[in-house]
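Containing compact mmCIF, C-alpha atoms: entry13.txt.
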```txt
# COMPACT_ATOMS: atom_id res chain seq x y z
CA MET A 1 126.27 96.35 126.75
CA THR A 2 127.28 99.07 124.28
CA HIS A 3 127.82 98.22 120.63
CA ILE A 4 131.59 98.77 120.96
CA ALA A 5 131.85 96.64 124.09
CA ARG A 6 129.71 93.97 122.50
CA ALA A 7 131.92 93.93 119.40
CA LYS A 8 135.08 93.46 121.47
CA ALA A 9 133.53 90.66 123.48
CA SER A 10 132.21 89.03 120.34
CA SER A 11 135.64 89.03 118.69
CA CYS A 12 137.15 87.23 121.69
CA VAL A 13 134.43 84.63 121.63
CA LEU A 14 134.56 84.09 117.90
CA ALA A 15 138.31 83.57 117.86
CA ALA A 16 137.98 80.71 120.33
CA ALA A 17 134.94 79.20 118.68
CA LEU A 18 136.61 79.06 115.29
CA LEU A 19 139.82 77.63 116.65
CA VAL A 20 138.09 74.68 118.29
CA GLY A 21 136.40 73.93 115.01
CA ILE A 22 139.57 72.16 113.89
CA THR A 23 141.52 71.13 116.96
CA ALA A 24 139.89 69.48 119.94
CA PRO A 25 140.94 70.93 123.29
CA VAL A 26 142.76 68.76 125.78
CA ALA A 27 140.08 67.07 127.85
CA SER A 28 139.93 68.14 131.44
CA ALA A 29 139.24 65.72 134.58
CA HIS A 30 140.22 69.97 87.47
CA SER A 31 141.68 69.04 84.28
CA ALA A 32 138.58 70.50 82.58
CA PRO A 33 138.03 74.27 82.41
CA ALA A 34 136.34 75.70 85.48
CA PHE A 35 133.48 77.03 83.41
CA ALA A 36 132.75 76.55 79.77
CA SER A 37 133.24 79.57 77.55
CA PRO A 38 129.92 81.38 77.23
CA SER A 39 127.95 80.62 74.10
CA ARG A 40 124.84 82.26 72.77
CA GLU A 41 122.90 79.45 74.41
CA SER A 42 124.32 80.29 77.86
CA HIS A 43 122.63 83.70 77.70
CA ALA A 44 119.21 82.18 76.94
CA ARG A 45 116.66 81.68 79.68
CA ILE A 46 117.62 78.65 81.75
CA PRO A 47 114.53 76.47 82.38
CA PHE A 48 116.00 74.61 85.35
CA THR A 49 114.54 75.47 88.74
CA GLN A 50 116.61 72.83 90.54
CA ALA A 51 119.76 70.95 89.56
CA LYS A 52 122.51 69.19 91.45
CA VAL A 53 125.43 66.81 90.91
CA THR A 54 126.51 64.48 93.70
CA ALA A 55 129.67 62.37 93.62
CA LEU A 56 129.26 58.95 95.23
CA ASP A 57 131.87 56.90 97.06
CA ASP A 58 131.92 54.22 94.34
CA GLY A 59 133.06 56.70 91.67
CA SER A 60 129.61 57.20 90.15
CA TYR A 61 127.53 60.38 90.11
CA THR A 62 123.89 61.25 90.55
CA VAL A 63 122.56 64.11 88.47
CA GLU A 64 119.11 65.45 89.29
CA TRP A 65 117.07 68.34 87.99
CA LYS A 66 113.69 69.99 87.57
CA ALA A 67 112.93 71.94 84.40
CA PRO A 68 109.19 72.68 84.19
CA GLY A 69 107.86 72.86 80.66
CA THR A 70 110.83 70.99 79.22
CA HIS A 71 110.25 67.69 77.45
CA ARG A 72 113.80 66.40 77.20
CA VAL A 73 117.07 67.05 78.99
CA ALA A 74 120.36 65.53 77.84
CA VAL A 75 123.08 64.96 80.42
CA LYS A 76 126.52 65.30 78.88
CA ALA A 77 130.00 64.62 80.23
CA GLY A 78 133.14 65.19 78.21
CA GLY A 79 131.05 66.24 75.23
CA ARG A 80 129.00 63.04 74.96
CA THR A 81 125.50 62.27 76.18
CA VAL A 82 125.65 59.92 79.16
CA ALA A 83 122.01 60.06 80.23
CA SER A 84 118.74 61.80 79.48
CA GLY A 85 115.32 62.44 80.94
CA GLY A 86 112.30 64.67 80.94
CA ALA A 87 111.21 67.73 82.86
CA THR A 88 112.15 66.05 86.13
CA GLY A 89 114.94 63.55 86.38
CA LYS A 90 117.47 61.79 88.56
CA VAL A 91 120.06 59.59 86.91
CA THR A 92 123.17 57.73 88.04
CA VAL A 93 126.20 57.96 85.76
CA ARG A 94 128.96 55.35 86.01
CA GLY A 95 132.14 54.48 84.18
CA LEU A 96 133.49 57.98 83.58
CA PRO A 97 137.26 58.42 83.38
CA ALA A 98 139.03 59.75 86.47
CA ALA A 99 139.20 63.55 86.69
CA ASP A 100 140.12 66.19 89.21
CA ARG A 101 136.52 67.29 89.00
CA GLN A 102 133.83 65.73 86.85
CA TRP A 103 131.68 68.28 85.03
CA PHE A 104 128.24 67.70 83.55
CA ASP A 105 126.23 69.77 81.09
CA LEU A 106 122.46 69.65 81.48
CA VAL A 107 121.11 70.55 78.05
CA PRO A 108 117.37 71.08 77.49
CA GLU A 109 115.83 70.86 74.03
CA ARG A 110 115.46 74.63 74.20
CA GLY A 111 116.76 77.33 76.52
CA GLY A 112 120.07 77.70 78.31
CA SER A 113 122.11 74.79 79.62
CA LEU A 114 123.84 74.35 82.98
CA HIS A 115 127.48 73.40 83.60
CA LEU A 116 127.66 71.71 86.99
CA ALA A 117 129.84 69.54 89.19
CA ASP A 118 129.67 68.19 92.71
CA ARG A 119 130.09 71.15 95.06
CA LEU A 120 132.73 69.49 97.27
CA ILE A 121 136.34 69.45 96.12
CA ALA A 122 137.77 66.19 97.43
CA LEU A 123 141.12 66.88 99.09
CA GLU A 124 143.31 64.90 101.45
CA GLY A 125 144.04 67.86 103.73
CA SER A 126 140.67 69.63 103.87
CA VAL A 127 137.09 68.55 104.54
CA ASN A 128 135.09 71.70 103.77
CA PHE A 129 136.59 73.01 100.51
CA ARG A 130 133.61 73.61 98.24
CA ASP A 131 132.27 75.62 95.36
CA ALA A 132 130.24 78.70 96.24
CA GLY A 133 128.29 78.45 92.98
CA GLY A 134 125.67 76.18 91.49
CA TYR A 135 122.68 77.97 93.03
CA ARG A 136 119.64 79.57 91.41
CA THR A 137 118.74 83.20 92.04
CA THR A 138 115.25 84.49 92.72
CA ASP A 139 115.01 85.82 89.15
CA GLY A 140 116.02 82.58 87.46
CA HIS A 141 119.75 83.05 86.90
CA TRP A 142 122.36 80.58 88.14
CA VAL A 143 125.63 81.25 89.96
CA LYS A 144 128.57 79.94 87.95
CA MET A 145 130.61 77.12 89.39
CA GLY A 146 134.41 77.02 89.26
CA GLU A 147 134.89 80.71 90.00
CA ILE A 148 134.59 81.23 93.78
CA TYR A 149 135.35 78.66 96.48
CA ARG A 150 135.10 78.56 100.27
CA SER A 151 137.14 76.37 102.59
CA ASP A 152 138.41 75.41 106.00
CA ALA A 153 142.12 75.55 106.90
CA LEU A 154 144.64 75.01 104.10
CA ASP A 155 147.73 74.23 106.20
CA LYS A 156 147.33 70.46 105.85
CA LEU A 157 146.99 70.38 102.07
CA THR A 158 149.18 67.71 100.52
CA THR A 159 151.38 68.11 97.47
CA ALA A 160 148.69 66.31 95.48
CA ASP A 161 146.05 68.68 96.83
CA LEU A 162 148.08 71.70 95.78
CA ALA A 163 148.58 70.29 92.31
CA LYS A 164 144.83 69.69 91.99
CA LEU A 165 144.00 73.22 93.07
CA ARG A 166 146.48 74.61 90.59
CA ARG A 167 144.82 72.59 87.82
CA LEU A 168 141.49 74.02 89.00
CA SER A 169 142.96 77.50 88.42
CA ILE A 170 142.96 78.66 92.05
CA ARG A 171 144.84 81.96 91.77
CA THR A 172 143.99 83.88 94.92
CA VAL A 173 143.61 82.72 98.54
CA TYR A 174 141.94 85.06 101.05
CA ASP A 175 142.92 84.09 104.58
CA LEU A 176 140.32 85.27 107.11
CA ARG A 177 142.20 83.98 110.17
CA THR A 178 143.96 85.81 112.97
CA GLU A 179 147.71 86.31 113.12
CA SER A 180 148.07 83.60 115.77
CA GLU A 181 146.15 81.13 113.59
CA ARG A 182 148.23 81.98 110.54
CA SER A 183 151.48 81.61 112.50
CA ALA A 184 150.50 78.28 114.05
CA ALA A 185 149.20 76.82 110.78
CA PRO A 186 150.51 78.70 107.71
CA ASP A 187 148.52 78.31 104.51
CA ARG A 188 149.80 76.11 101.73
CA VAL A 189 149.00 77.91 98.49
CA PRO A 190 149.07 76.44 94.96
CA ALA A 191 152.14 77.33 92.93
CA GLY A 192 151.73 80.74 91.37
CA GLY A 193 148.85 81.61 93.68
CA THR A 194 148.57 84.82 95.69
CA HIS A 195 147.98 84.76 99.44
CA VAL A 196 146.02 87.73 100.81
CA VAL A 197 145.44 88.34 104.52
CA ALA A 198 141.90 89.51 105.29
CA ASP A 199 141.85 89.13 109.07
CA VAL A 200 138.27 89.41 110.27
CA LEU A 201 139.38 89.66 113.91
CA ALA A 202 142.58 91.68 113.42
CA GLY A 203 143.69 93.45 116.57
CA SER A 204 140.90 91.99 118.68
CA PRO A 205 141.65 91.19 122.34
CA ALA A 206 142.94 87.69 123.08
CA PHE A 207 140.32 85.20 124.19
CA THR A 208 140.35 84.78 127.96
CA ALA A 209 137.32 82.67 128.90
CA MET A 210 135.26 79.84 127.48
CA PRO A 211 131.54 79.31 127.96
CA THR A 212 130.55 77.16 130.90
CA THR A 213 127.12 76.07 129.63
CA PRO A 214 125.67 75.20 126.21
CA GLU A 215 123.45 78.27 126.46
CA GLU A 216 126.49 80.50 126.91
CA GLY A 217 128.07 78.84 123.89
CA VAL A 218 125.05 79.63 121.72
CA ALA A 219 125.02 83.22 122.95
CA MET A 220 128.71 83.56 122.08
CA MET A 221 128.15 82.34 118.55
CA VAL A 222 125.22 84.70 118.06
CA GLU A 223 127.26 87.67 119.25
CA GLY A 224 130.18 86.56 117.11
CA GLU A 225 127.98 86.51 114.01
CA LYS A 226 126.88 90.06 114.75
CA PHE A 227 130.51 91.16 115.01
CA MET A 228 131.21 89.74 111.58
CA VAL A 229 128.62 92.15 110.19
CA SER A 230 129.37 95.34 112.09
CA GLY A 231 132.85 94.98 113.63
CA ASP A 232 135.33 97.38 112.06
CA THR A 233 137.99 94.73 111.39
CA ALA A 234 135.37 92.41 109.93
CA LYS A 235 134.08 95.06 107.54
CA ALA A 236 137.61 95.83 106.38
CA ALA A 237 138.41 92.15 105.85
CA TYR A 238 135.28 91.36 103.87
CA ARG A 239 135.79 94.51 101.78
CA THR A 240 139.17 93.09 100.81
CA VAL A 241 137.62 89.75 99.85
CA PHE A 242 134.90 91.34 97.75
CA SER A 243 137.38 93.56 95.96
CA GLY A 244 139.09 90.36 94.82
CA ILE A 245 135.85 88.63 93.89
CA THR A 246 134.99 91.56 91.61
CA ASP A 247 138.43 91.32 89.95
CA ASP A 248 138.25 88.76 87.14
CA SER A 249 142.03 88.48 86.98
CA ALA A 250 142.07 87.14 90.56
CA HIS A 251 139.85 84.14 89.75
CA ALA A 252 139.49 81.45 90.74
CA VAL A 253 139.26 82.71 94.30
CA VAL A 254 139.03 80.87 97.62
CA PHE A 255 138.29 82.46 100.99
CA HIS A 256 138.75 80.46 104.16
CA CYS A 257 139.16 80.45 107.92
CA THR A 258 139.96 77.58 110.30
CA ALA A 259 136.77 75.52 110.25
CA GLY A 260 135.33 77.11 107.11
CA LYS A 261 131.99 77.73 108.76
CA ASP A 262 131.69 81.08 110.59
CA ARG A 263 133.93 83.78 109.13
CA THR A 264 133.83 81.88 105.86
CA GLY A 265 130.13 81.19 106.31
CA TRP A 266 129.28 84.89 106.49
CA ALA A 267 131.43 85.66 103.45
CA GLY A 268 129.57 82.99 101.50
CA ALA A 269 126.18 84.18 102.71
CA ALA A 270 127.00 87.78 101.83
CA LEU A 271 128.15 86.79 98.34
CA LEU A 272 125.11 84.68 97.53
CA THR A 273 122.73 87.31 98.90
CA THR A 274 124.43 90.00 96.82
CA LEU A 275 123.96 87.83 93.74
CA GLY A 276 120.24 87.42 94.44
CA VAL A 277 120.13 83.88 95.80
CA PRO A 278 117.06 83.44 98.06
CA ARG A 279 117.57 83.37 101.82
CA SER A 280 116.41 79.75 102.11
CA THR A 281 119.14 78.64 99.71
CA VAL A 282 121.73 80.81 101.45
CA MET A 283 120.79 79.11 104.71
CA GLN A 284 121.07 75.69 103.07
CA ASP A 285 124.60 76.48 101.92
CA TYR A 286 125.55 77.81 105.36
CA LEU A 287 124.20 74.76 107.21
CA ALA A 288 125.99 72.37 104.85
CA SER A 289 129.13 72.79 106.97
CA ASN A 290 127.43 70.56 109.56
CA ASP A 291 127.44 67.76 106.99
CA TYR A 292 130.92 68.31 105.60
CA ARG A 293 132.41 68.68 109.09
CA ALA A 294 130.34 65.94 110.75
CA GLU A 295 133.17 63.43 111.10
CA ALA A 296 135.74 65.96 112.33
CA ASN A 297 133.29 67.46 114.81
CA ALA A 298 132.26 64.06 116.12
CA ALA A 299 135.91 63.14 116.70
CA ALA A 300 136.53 66.39 118.57
CA LEU A 301 133.52 65.91 120.83
CA ALA A 302 134.34 62.24 121.44
CA SER A 303 137.71 63.28 122.91
CA MET A 304 136.02 65.26 125.70
CA PRO A 305 134.05 64.31 128.82
CA ALA A 306 130.30 64.44 128.12
CA ALA A 307 129.71 67.63 130.10
CA GLN A 308 132.50 69.46 128.31
CA ALA A 309 131.35 68.18 124.92
CA ALA A 310 127.87 69.60 125.58
CA VAL A 311 129.42 73.04 126.13
CA TYR A 312 131.63 72.83 123.06
CA LYS A 313 129.02 71.50 120.65
CA PRO A 314 127.41 74.92 119.96
CA LEU A 315 130.87 76.22 119.03
CA LEU A 316 131.42 73.46 116.49
CA ASP A 317 127.96 73.70 114.95
CA VAL A 318 126.48 76.08 112.45
CA ARG A 319 122.88 76.84 113.31
CA ALA A 320 120.15 78.85 111.66
CA GLU A 321 119.95 81.21 114.62
CA TYR A 322 123.62 82.12 114.14
CA LEU A 323 123.25 83.20 110.52
CA ASN A 324 119.90 84.84 111.22
CA SER A 325 121.53 86.96 113.89
CA GLY A 326 123.94 88.23 111.24
CA PHE A 327 121.11 89.23 108.93
CA ASP A 328 119.30 90.82 111.86
CA GLU A 329 122.45 92.86 112.56
CA VAL A 330 122.47 94.00 108.94
CA GLY A 331 118.98 95.38 109.39
CA GLU A 332 119.71 97.03 112.72
CA GLU A 333 123.03 98.63 111.76
CA PHE A 334 122.56 99.37 108.05
CA GLY A 335 118.83 99.27 107.38
CA SER A 336 119.04 96.96 104.37
CA PHE A 337 121.37 94.46 102.76
CA GLY A 338 122.00 96.84 99.89
CA ALA A 339 123.16 99.50 102.34
CA TYR A 340 125.38 96.93 104.06
CA GLY A 341 126.94 96.02 100.74
CA LYS A 342 127.70 99.65 99.96
CA LYS A 343 128.87 100.81 103.40
CA ALA A 344 130.59 97.66 104.68
CA LEU A 345 131.65 95.76 101.54
CA GLY A 346 132.34 98.75 99.31
CA LEU A 347 129.93 97.61 96.60
CA ASP A 348 127.97 100.32 94.83
CA ALA A 349 125.16 99.62 92.37
CA LYS A 350 127.59 99.44 89.44
CA ASP A 351 129.80 96.94 91.29
CA VAL A 352 126.80 94.72 92.01
CA ARG A 353 125.69 94.82 88.36
CA GLU A 354 129.18 93.86 87.20
CA LEU A 355 129.42 91.11 89.80
CA LYS A 356 126.14 89.63 88.59
CA ARG A 357 127.23 89.95 84.97
CA ASP A 358 130.45 88.06 85.72
CA LEU A 359 129.13 85.36 88.04
CA LEU A 360 125.60 84.65 86.80
CA VAL A 361 124.34 82.84 83.72
CA GLY A 362 120.91 82.64 82.19
```
Hey, can you dump this file as structure tokens for me?
Amino acid sequence: MTHIARAKASSCVLAAALLVGITAPVASAHSAPAFASPSRESHARIPFTQAKVTALDDGSYTVEWKAPGTHRVAVKAGGRTVASGGATGKVTVRGLPAADRQWFDLVPERGGSLHLADRLIALEGSVNFRDAGGYRTTDGHWVKMGEIYRSDALDKLTTADLAKLRRLSIRTVYDLRTESERSAAPDRVPAGGTHVVADVLAGSPAFTAMPTTPEEGVAMMVEGEKFMVSGDTAKAAYRTVFSGITDDSAHAVVFHCTAGKDRTGWAGAALLTTLGVPRSTVMQDYLASNDYRAEANAAALASMPAAQAAVYKPLLDVRAEYLNSGFDEVGEEFGSFGAYGKKALGLDAKDVRELKRDLLVG
């Protein structure tokens, strides 16, 4: 199959795969600032090699970290120390006042601190709305949280959800969906926010056939991932998204599709890779959609006969081979990720330096 023919076929497949991520087919027979103002300390070397905040169902939080060579780490919330530990720690924090998003500062006795929150934004009308930041780069910097978000569909956001997103300073929404998706389920955008269409599959042929075996489903997703790298409409859409990400006045930014896993997944992977996050971490972030979407996916599959569910499951999943096929396509079509960033995303060396300056700390 030629590259052009393959791209057209991939776009058909991907449109269907992403649509079923949200709707099962009919079965056949913060109140706090997003990121603290930089201080001199924030520009110091950050000793943390791992750090994570996890919100628990009972309203408490676990905060864990590794900071080799550090003797003491204070965990602060709302300006007061709520826990402490040594070079390695995992603490549970309880009794904090309710907040749109609970932020923690991990402060070592020397070196730069980290400002972190749970990655997931808890919303009534979305299950995969999460922060793209909070990851460490290969050279020891950290991606800021509260600046760039990724999500599934926004059409079911409640009034309370919209108010929360406005308080979290969501200013720009990049909609990666097709025209038919946007018409069937229009985005709900926070008051004062800007809605920008960045249709990855714009103008692609309508989907006409579904896979008939699980193996065909996997092949479709692999081809779809390749299209997101080298398809003309995909390159144009992601160039639009990255132009907004590099514009400070557009922040905070959210990009999304229907399930928040494929078109959105590549956007997130491309961003983190551009910022210098290691591939293993990029893969971890990509695969997290399986966890956030587990309940929704299980409900979709449970509504189908077993044989049909087996065929659909690869379309609902994110799998390492899918994302790897995208990176393989980068190598085959562009030679390197840097060349992909320049030719497909419109990011020259100066743009990348400015992006890192704006979105990294440490």
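Considering all atoms listed in the file, the residue among A:Arg130, A:Arg150, A:His141, A:Arg353 positioned nearest to A:Thr49 is A:His141.
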Please determine the residues with any atom at most 8 Å from (130.8, 84.7, 110.1) (coordinates as given in the file, with all atoms listed in the file counting) and report them as a list in words. Gly224, Glu225, Met228, Val229, Lys261, Asp262, Arg263, Thr264, Gly265, Trp266, Ala267, Leu323 and Gly326 of chain A
What's the separation between atom CA of A:Glu109 and atom CA of A:Arg357, in Å to one decimal place? 24.8 Å
Just the residues within 6 Å of A:Val253, please, counting only C-alpha atoms, with nothing from its chain fewer than 3 positions along; format it as a tab-separated table (two decimals) with C-alpha atoms, keeping the file's coordinate frame.
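Output (part_12.tsv):
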```tsv
chain	number	residue	atom	x	y	z
A	148	ILE	CA	134.59	81.23	93.78
A	170	ILE	CA	142.96	78.66	92.05
A	172	THR	CA	143.99	83.88	94.92
```
Using all atoms listed in the file: which of A:Arg110, A:Arg136, A:Lys343, A:Arg167 has the shortest distance to A:Arg72: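 Nearest candidate to A:Arg72 out of A:Arg110, A:Arg136, A:Lys343, A:Arg167: A:Arg110.
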When distances are computed from only C-alpha atoms, which of A:Tyr174, A:Trp142, A:Trp65, A:Phe227 shows the smallest separation from A:Val330?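 Among the listed residues, A:Phe227 lies closest to A:Val330.
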Residue nearest A:Glu223 - candidates A:Thr138, A:Ser325, A:Thr54, A:Gln102, atoms counted: all atoms listed in the file: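 The closest residue to A:Glu223 is A:Ser325.
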Provide the atom CA of A:Phe337 to atom CA of A:Val200 distance in Å, to one decimal place.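 Interatomic distance here is 19.2 Å.
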From A:Ile121, A:Ala298, A:Val107, A:Ala67, residue lying nearest A:Ala55 [only C-alpha atoms]: A:Ile121
For stretch 265-307 of chain A versus stretch 314-320 of chain A, which residues have an atom no more than 8 Å away, and what is each residue's nearest atom pair and distance in Å rounded to one decimal, using only C-alpha atoms, chain-then-number order, as a Markdown table?
```
| residue | atom | partner | partner_atom | distance |
| --- | --- | --- | --- | --- |
| A:Met283 | CA | A:Ala320 | CA | 7.0 |
| A:Tyr286 | CA | A:Val318 | CA | 7.4 |
| A:Leu287 | CA | A:Val318 | CA | 5.9 |
| A:Ser289 | CA | A:Val318 | CA | 6.9 |
| A:Asn290 | CA | A:Asp317 | CA | 6.3 |
| A:Asn297 | CA | A:Leu316 | CA | 6.5 |
```
To one decimal place, how far is atom CA of A:Leu271 from atom CA of A:Phe242 in Å?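 Interatomic distance here is 8.2 Å.
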Considering all atoms listed in the file, return as a PDB file with C-alpha atoms, in the frame of the given file whatever protein or nucleic-acid residues lie within 8 Å of A:Val53, sequence-local ones (same chain, fewer than 6 positions apart) excluded.
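Output (out12.pdb):
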```pdb
ATOM      1  CA  TYR A  61     127.530  60.380  90.110  1.00  0.00           C
ATOM      2  CA  THR A  62     123.890  61.250  90.550  1.00  0.00           C
ATOM      3  CA  VAL A  63     122.560  64.110  88.470  1.00  0.00           C
ATOM      4  CA  GLU A  64     119.110  65.450  89.290  1.00  0.00           C
ATOM      5  CA  PHE A 104     128.240  67.700  83.550  1.00  0.00           C
ATOM      6  CA  LEU A 116     127.660  71.710  86.990  1.00  0.00           C
ATOM      7  CA  ALA A 117     129.840  69.540  89.190  1.00  0.00           C
ATOM      8  CA  ASP A 118     129.670  68.190  92.710  1.00  0.00           C
ATOM      9  CA  ARG A 119     130.090  71.150  95.060  1.00  0.00           C
TER      10      ARG A 119
END
```
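Using all atoms listed in the file, the protein and nucleic acid residues lying no more than 12 Å from A:Asp247, apart from those fewer than 5 places from it along its own chain, are Glu147, Ile148, Arg171, Thr172, Thr240, Val241, Phe242, Ala252, Val253, Asp351, Glu354, Leu355, Asp358 and Leu359 of chain A.
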Which residue gives the smallest distance to A:Leu157 among A:Thr281, A:Thr246, A:Thr273, A:Ser126, with only C-alpha atoms counted? A:Ser126
Got a sec: who's within 10 Å of A:Pro97, counting all atoms listed in the file, leaving out chain neighbours fewer than 2 positions off, as a PyMOL selection string? chain A and resi 59+78+94-95+99+102
Close residues, A:Arg166 itself excluded, 7 Å, only C-alpha atoms, min 4 positions apart in chain, as a PyMOL selection string: chain A and resi 162+170+190-191
